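These notes concern the structure reproduced below.
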Amino acid sequence: MPASDPEPSALFSSLVEAVREAGVLALDMFGRELKTWTKSGSSPVCEADIAVDRLLRERLTAAAPDYGWRSEESGDDPARLAAKRVWIVDPIDGTRAYIHGLVDWTIAVALVEAGRPVLGVIFAPAQDAMFAAAAGRGARLNGTSIRANAGAELEGVRVAGPRRHLAQLADMAPGIEMVPKIHSLALRLARVAQGALDIAFASASSRDWDLAAADLLVHEAGGALTDIEGRVLTYNRADPVHEALIAAGRSRHRALLDLVEARKREFV
């Protein structure tokens with residue numbers, strides 16, 4: 001039997017295996033006619049969200065019974081607030097894309113300790129892309145180390161995010177290249193860690209489960225993800241909602257914070 005409170009490093013392989021298994025399940029249901037419904041805020045949910053959530057909860061709570069649990073598709077248990085470590089889970093990030101047969105959806109899981117992620121995995125099964133990171137051990141894509149792009153210039157950089165934020169940045173830095181929408185926010189941020197994007201924005205109202213795994217990936221890849229005031233995010237609070245966010249390599253991230261300083265009201 002596993003220890004009830006194992007160290008995070010001992011769970012890295014189990015986490016990757018559980019997320020991969022969940023990806024196989026989600027991919028098997030992908031493209032089928034599924035029961036769908038909406039929840040608060042008109043967000044879509046489908047049978048696959050619930051099936052993946054159930055599988056991950058079974059696997060991860062079996063591996064670490066004393067860890068807390070917070071998933072987009074599970075009822076909230078306030079006991080997580082007192083837990084030493086908490087799983088933060090988005091069973092399918094980008095459910096709308098999943099339902100419509102698009103490939104930019106992911107499964108995102110992080111382990112949070114003292115408000116910060118210490119393990120993070122983001123899997124895009126339809127793209128066969130497995131992002132994984134452990135605190136202090138770097139970030140990887142399909143087993144290969146990845147790094148956020150260096151440099152502070154904005155001319156020609158590739159940027160993704162809400163249309164409003166892209167238009168605001170283009171007004172200040174006309175040379176940017178706007179990338180088409182990436183439906184999974186976790187994947188959008190992971191693409192910064194990978195170097196496929198230079199900058200990614202997240203609008204206000206993103207949640208812990210959208211962000212925690214990607215946050216670790218970005219930082220372990222030499223980048224930064226903060227709010228527009230430059231504050232690092234804290235997870236597993238009573239309220240999981242966050243302000244508008246910016247992710248980029250560290251030098252470019254600093255340049256962006258300086259650029260939006262005078263107009264930060266527009267980025268909320």
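Identifiers in this document derive from the order of the structure tokens: chains are assigned A, B, ..., residues are numbered from 1 separately in each chain, and ligands are numbered from 1 in order of occurrence.
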
Looking only at strand (DSSP E) from DSSP on the backbone, list the matching residues of segment 208-259 of chain A as a compact mmCIF listing (two decimals) with N, CA and C atoms, in the first residue's frame.
```
# COMPACT_ATOMS: atom_id res chain seq x y z
N GLY A 223 10.65 30.74 -17.81
CA GLY A 223 9.75 31.85 -18.07
C GLY A 223 9.11 32.36 -16.80
N ALA A 224 8.09 33.20 -16.98
CA ALA A 224 7.35 33.74 -15.84
C ALA A 224 5.88 33.82 -16.21
N LEU A 225 5.04 33.52 -15.25
CA LEU A 225 3.59 33.69 -15.37
C LEU A 225 3.13 34.44 -14.14
N THR A 226 2.59 35.64 -14.33
CA THR A 226 2.13 36.46 -13.22
C THR A 226 0.89 37.23 -13.63
N ASP A 227 0.31 37.93 -12.66
CA ASP A 227 -0.73 38.89 -13.03
C ASP A 227 -0.05 40.14 -13.59
N LEU A 245 -3.60 37.71 -16.73
CA LEU A 245 -2.26 37.15 -16.57
C LEU A 245 -1.43 37.30 -17.84
N ILE A 246 -0.10 37.30 -17.64
CA ILE A 246 0.86 37.35 -18.74
C ILE A 246 1.91 36.26 -18.52
N ALA A 247 2.21 35.50 -19.57
CA ALA A 247 3.28 34.50 -19.54
C ALA A 247 4.25 34.77 -20.68
N ALA A 248 5.55 34.67 -20.39
CA ALA A 248 6.60 34.88 -21.40
C ALA A 248 7.93 34.48 -20.78
N GLY A 249 8.98 34.41 -21.61
CA GLY A 249 10.32 34.30 -21.08
C GLY A 249 10.59 35.47 -20.14
```

Neighbour list for segment 48-60 of chain A as a list in words, cut-off 8 Å, only C-alpha atoms, skip fewer than 3 positions in-chain: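 Listing them by chain and then by number gives Ser14, Leu15, Ala18, Val19, Ala22, Gly23, Leu25, Ala26, Met29, Leu34, Val45, Ala63, Ala64, Pro65, Ser71, Glu73, Ser74, Val89, Asp90, Pro91, Ile92 and Thr95 of chain A.
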
Would you save the residues from that selection as a short mmCIF file (atom, residue, chain, number, x, y, z; two decimals), in the first residue's frame, using all heavy atoms?
```cif
data_model
loop_
_atom_site.label_atom_id
_atom_site.label_comp_id
_atom_site.auth_asym_id
_atom_site.auth_seq_id
_atom_site.Cartn_x
_atom_site.Cartn_y
_atom_site.Cartn_z
N SER A 14 3.86 8.17 -11.35
CA SER A 14 2.46 7.78 -11.20
C SER A 14 1.52 8.83 -11.77
O SER A 14 0.49 8.49 -12.38
CB SER A 14 2.13 7.54 -9.72
OG SER A 14 2.88 6.47 -9.20
N LEU A 15 1.86 10.09 -11.59
CA LEU A 15 1.04 11.17 -12.13
C LEU A 15 1.04 11.12 -13.66
O LEU A 15 -0.01 11.20 -14.29
CB LEU A 15 1.56 12.52 -11.64
CG LEU A 15 0.93 13.76 -12.29
CD1 LEU A 15 -0.58 13.77 -12.11
CD2 LEU A 15 1.56 15.03 -11.72
N ALA A 18 -1.05 8.19 -14.81
CA ALA A 18 -2.49 8.41 -14.63
C ALA A 18 -3.04 9.36 -15.69
O ALA A 18 -4.13 9.12 -16.23
CB ALA A 18 -2.75 8.96 -13.23
N VAL A 19 -2.30 10.42 -15.98
CA VAL A 19 -2.76 11.38 -16.99
C VAL A 19 -2.75 10.74 -18.37
O VAL A 19 -3.66 10.96 -19.18
CB VAL A 19 -1.92 12.66 -16.94
CG1 VAL A 19 -2.26 13.58 -18.11
CG2 VAL A 19 -2.13 13.39 -15.62
N ALA A 22 -5.76 8.59 -18.57
CA ALA A 22 -6.93 9.44 -18.76
C ALA A 22 -7.02 9.94 -20.20
O ALA A 22 -8.11 10.06 -20.76
CB ALA A 22 -6.88 10.61 -17.79
N GLY A 23 -5.86 10.22 -20.80
CA GLY A 23 -5.84 10.66 -22.18
C GLY A 23 -6.33 9.58 -23.14
O GLY A 23 -7.04 9.88 -24.12
N LEU A 25 -8.51 7.29 -22.40
CA LEU A 25 -9.96 7.26 -22.21
C LEU A 25 -10.63 8.41 -22.97
O LEU A 25 -11.62 8.20 -23.69
CB LEU A 25 -10.29 7.34 -20.73
CG LEU A 25 -11.77 7.50 -20.35
CD1 LEU A 25 -12.57 6.30 -20.85
CD2 LEU A 25 -11.92 7.68 -18.85
N ALA A 26 -10.11 9.62 -22.80
CA ALA A 26 -10.70 10.79 -23.47
C ALA A 26 -10.63 10.66 -24.99
O ALA A 26 -11.56 11.02 -25.71
CB ALA A 26 -10.00 12.06 -23.01
N MET A 29 -13.25 8.39 -26.42
CA MET A 29 -14.59 9.00 -26.48
C MET A 29 -14.65 10.17 -27.46
O MET A 29 -15.75 10.62 -27.82
CB MET A 29 -14.99 9.47 -25.07
CG MET A 29 -15.03 8.37 -24.04
SD MET A 29 -15.43 8.95 -22.36
CE MET A 29 -17.19 9.25 -22.51
N LEU A 34 -21.83 12.48 -27.64
CA LEU A 34 -21.83 12.41 -26.18
C LEU A 34 -22.94 13.27 -25.59
O LEU A 34 -23.35 14.28 -26.18
CB LEU A 34 -20.49 12.89 -25.63
CG LEU A 34 -19.24 12.14 -26.07
CD1 LEU A 34 -17.99 12.85 -25.56
CD2 LEU A 34 -19.27 10.69 -25.60
N VAL A 45 -20.14 21.02 -20.45
CA VAL A 45 -19.65 19.81 -19.81
C VAL A 45 -20.14 18.64 -20.65
O VAL A 45 -21.23 18.70 -21.21
CB VAL A 45 -20.17 19.66 -18.37
CG1 VAL A 45 -19.50 18.47 -17.67
CG2 VAL A 45 -19.96 20.93 -17.57
N ALA A 63 -2.94 6.71 -4.90
CA ALA A 63 -1.49 6.91 -4.74
C ALA A 63 -1.16 7.77 -3.53
O ALA A 63 -0.10 7.60 -2.92
CB ALA A 63 -0.93 7.55 -6.01
N ALA A 64 -2.05 8.69 -3.17
CA ALA A 64 -1.79 9.60 -2.05
C ALA A 64 -3.11 9.89 -1.34
O ALA A 64 -3.73 10.93 -1.56
CB ALA A 64 -1.16 10.90 -2.57
N PRO A 65 -3.57 9.00 -0.48
CA PRO A 65 -4.90 9.12 0.13
C PRO A 65 -5.11 10.37 0.97
O PRO A 65 -6.26 10.82 1.11
CB PRO A 65 -4.99 7.85 1.00
CG PRO A 65 -4.04 6.89 0.39
CD PRO A 65 -2.91 7.72 -0.15
N SER A 71 -11.08 19.74 -8.32
CA SER A 71 -11.26 19.54 -9.75
C SER A 71 -12.38 20.43 -10.26
O SER A 71 -13.35 20.70 -9.54
CB SER A 71 -11.60 18.08 -10.05
OG SER A 71 -12.07 17.92 -11.37
N GLU A 73 -14.61 19.58 -12.21
CA GLU A 73 -15.83 18.81 -12.36
C GLU A 73 -16.26 18.06 -11.10
O GLU A 73 -17.11 17.18 -11.16
CB GLU A 73 -15.69 17.82 -13.53
CG GLU A 73 -15.24 18.45 -14.83
CD GLU A 73 -16.15 19.57 -15.33
OE1 GLU A 73 -17.27 19.72 -14.81
OE2 GLU A 73 -15.72 20.33 -16.22
N SER A 74 -15.66 18.40 -9.96
CA SER A 74 -16.06 17.78 -8.69
C SER A 74 -16.57 18.86 -7.75
O SER A 74 -16.14 20.01 -7.81
CB SER A 74 -14.87 17.08 -8.02
OG SER A 74 -14.34 16.08 -8.85
N VAL A 89 -7.06 19.80 -10.65
CA VAL A 89 -7.33 19.00 -11.85
C VAL A 89 -8.32 19.68 -12.79
O VAL A 89 -9.38 20.15 -12.36
CB VAL A 89 -7.91 17.62 -11.43
CG1 VAL A 89 -8.24 16.77 -12.65
CG2 VAL A 89 -6.94 16.89 -10.51
N ASP A 90 -7.98 19.69 -14.07
CA ASP A 90 -8.95 20.00 -15.12
C ASP A 90 -9.05 18.77 -16.00
O ASP A 90 -8.16 18.49 -16.80
CB ASP A 90 -8.51 21.22 -15.95
CG ASP A 90 -9.67 21.79 -16.75
OD1 ASP A 90 -10.63 21.04 -17.01
OD2 ASP A 90 -9.61 22.98 -17.12
N PRO A 91 -10.13 17.99 -15.87
CA PRO A 91 -10.21 16.73 -16.61
C PRO A 91 -10.11 16.91 -18.12
O PRO A 91 -9.42 16.15 -18.79
CB PRO A 91 -11.58 16.18 -16.20
CG PRO A 91 -11.87 16.82 -14.89
CD PRO A 91 -11.26 18.18 -14.97
N ILE A 92 -10.82 17.91 -18.65
CA ILE A 92 -10.65 18.30 -20.05
C ILE A 92 -10.67 19.82 -20.10
O ILE A 92 -11.71 20.45 -19.87
CB ILE A 92 -11.73 17.71 -20.97
CG1 ILE A 92 -11.64 16.19 -20.98
CG2 ILE A 92 -11.57 18.26 -22.39
CD1 ILE A 92 -12.65 15.51 -21.88
N THR A 95 -13.18 21.99 -23.20
CA THR A 95 -14.29 21.07 -23.48
C THR A 95 -15.05 21.47 -24.74
O THR A 95 -15.47 20.60 -25.52
CB THR A 95 -15.26 21.03 -22.28
OG1 THR A 95 -14.58 20.52 -21.14
CG2 THR A 95 -16.47 20.16 -22.57
#
```

Those in segment 34-252 of chain A with helix (DSSP H, G or I) from DSSP, as a PyMOL selection string: chain A and resi 40-42+47-63+78-82+95-99+125-127+163-172+185-194+208-220+250-252

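Counting only C-alpha atoms, the residue from A:Gln168, A:Thr234, A:Ser206, A:Thr144 that sits nearest to Ala221 of chain A is A:Thr144.
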
Residues within 8 Å of Gly222 of chain A, only C-alpha atoms, excluding chain neighbours under 3 positions, as a compact mmCIF listing (two decimals) with N, CA and C atoms, in the first residue's frame:
```txt
# COMPACT_ATOMS: atom_id res chain seq x y z
N ARG A 147 12.52 25.05 -23.21
CA ARG A 147 12.85 26.35 -22.63
C ARG A 147 11.99 27.42 -23.27
N ALA A 148 11.54 28.37 -22.47
CA ALA A 148 10.86 29.54 -23.01
C ALA A 148 11.85 30.38 -23.80
N ALA A 193 6.13 27.78 -22.55
CA ALA A 193 7.22 26.97 -21.98
C ALA A 193 8.00 26.25 -23.07
N VAL A 218 5.88 26.75 -17.15
CA VAL A 218 6.46 28.02 -17.61
C VAL A 218 7.67 28.40 -16.76
N HIS A 219 7.53 28.33 -15.45
CA HIS A 219 8.64 28.72 -14.58
C HIS A 219 9.82 27.75 -14.67
N GLY A 249 8.98 34.41 -21.61
CA GLY A 249 10.32 34.30 -21.08
C GLY A 249 10.59 35.47 -20.14
N ARG A 250 11.49 35.29 -19.19
CA ARG A 250 11.59 36.26 -18.10
C ARG A 250 11.91 37.69 -18.56
```

Nearby residues (only C-alpha atoms) at most 10 Å from Gly143 of chain A, same-chain spacing under 5 positions excluded, as a ChimeraX atom specification: /A:129-132

Take the residues that were just selected and, keeping N, CA and C atoms, output them as a PDB file, in the first residue's frame.
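Resulting contents of again_36.pdb:
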```
ATOM      1  N   ALA A 129       1.062  15.152 -27.257  1.00  0.00           N
ATOM      2  CA  ALA A 129       1.992  16.076 -26.605  1.00  0.00           C
ATOM      3  C   ALA A 129       1.843  15.967 -25.095  1.00  0.00           C
ATOM      4  N   MET A 130       2.869  15.442 -24.438  1.00  0.00           N
ATOM      5  CA  MET A 130       2.877  15.269 -22.985  1.00  0.00           C
ATOM      6  C   MET A 130       3.889  16.239 -22.375  1.00  0.00           C
ATOM      7  N   PHE A 131       3.367  17.287 -21.733  1.00  0.00           N
ATOM      8  CA  PHE A 131       4.203  18.252 -21.021  1.00  0.00           C
ATOM      9  C   PHE A 131       4.260  17.837 -19.553  1.00  0.00           C
ATOM     10  N   ALA A 132       5.446  17.881 -18.965  1.00  0.00           N
ATOM     11  CA  ALA A 132       5.583  17.491 -17.564  1.00  0.00           C
ATOM     12  C   ALA A 132       6.686  18.296 -16.901  1.00  0.00           C
TER      13      ALA A 132
END
```

Which residue of A:Asp171, A:Glu7, A:Glu21, A:Asp258 approaches Phe123 of chain A most closely, using only C-alpha atoms: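 Going through A:Asp171, A:Glu7, A:Glu21, A:Asp258 one by one, the smallest distance to Phe123 of chain A is for A:Glu21.
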
One-decimal distance in Å that lies between atom CA of Cys46 of chain A and atom CA of Tyr98 of chain A: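 Interatomic distance here is 9.1 Å.
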
Shortest interatomic distance to Ser13 of chain A - which of A:Leu81, A:Leu119, A:Ile99, A:Leu217, counting only C-alpha atoms: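 The closest residue to Ser13 of chain A is A:Leu119.
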
Contacts of Ala255 of chain A within 9 Å, only C-alpha atoms, excl. fewer than 5 positions in-chain, as a PyMOL selection string: chain A and resi 152-154+250+260

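In this model, the gap between atom CA of Gly68 of chain A and atom CA of Ala139 of chain A comes to 24.2 Å.
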
Point-to-point distance in Å for atom CA of Val232 of chain A and atom CA of Thr106 of chain A: 23.4 Å
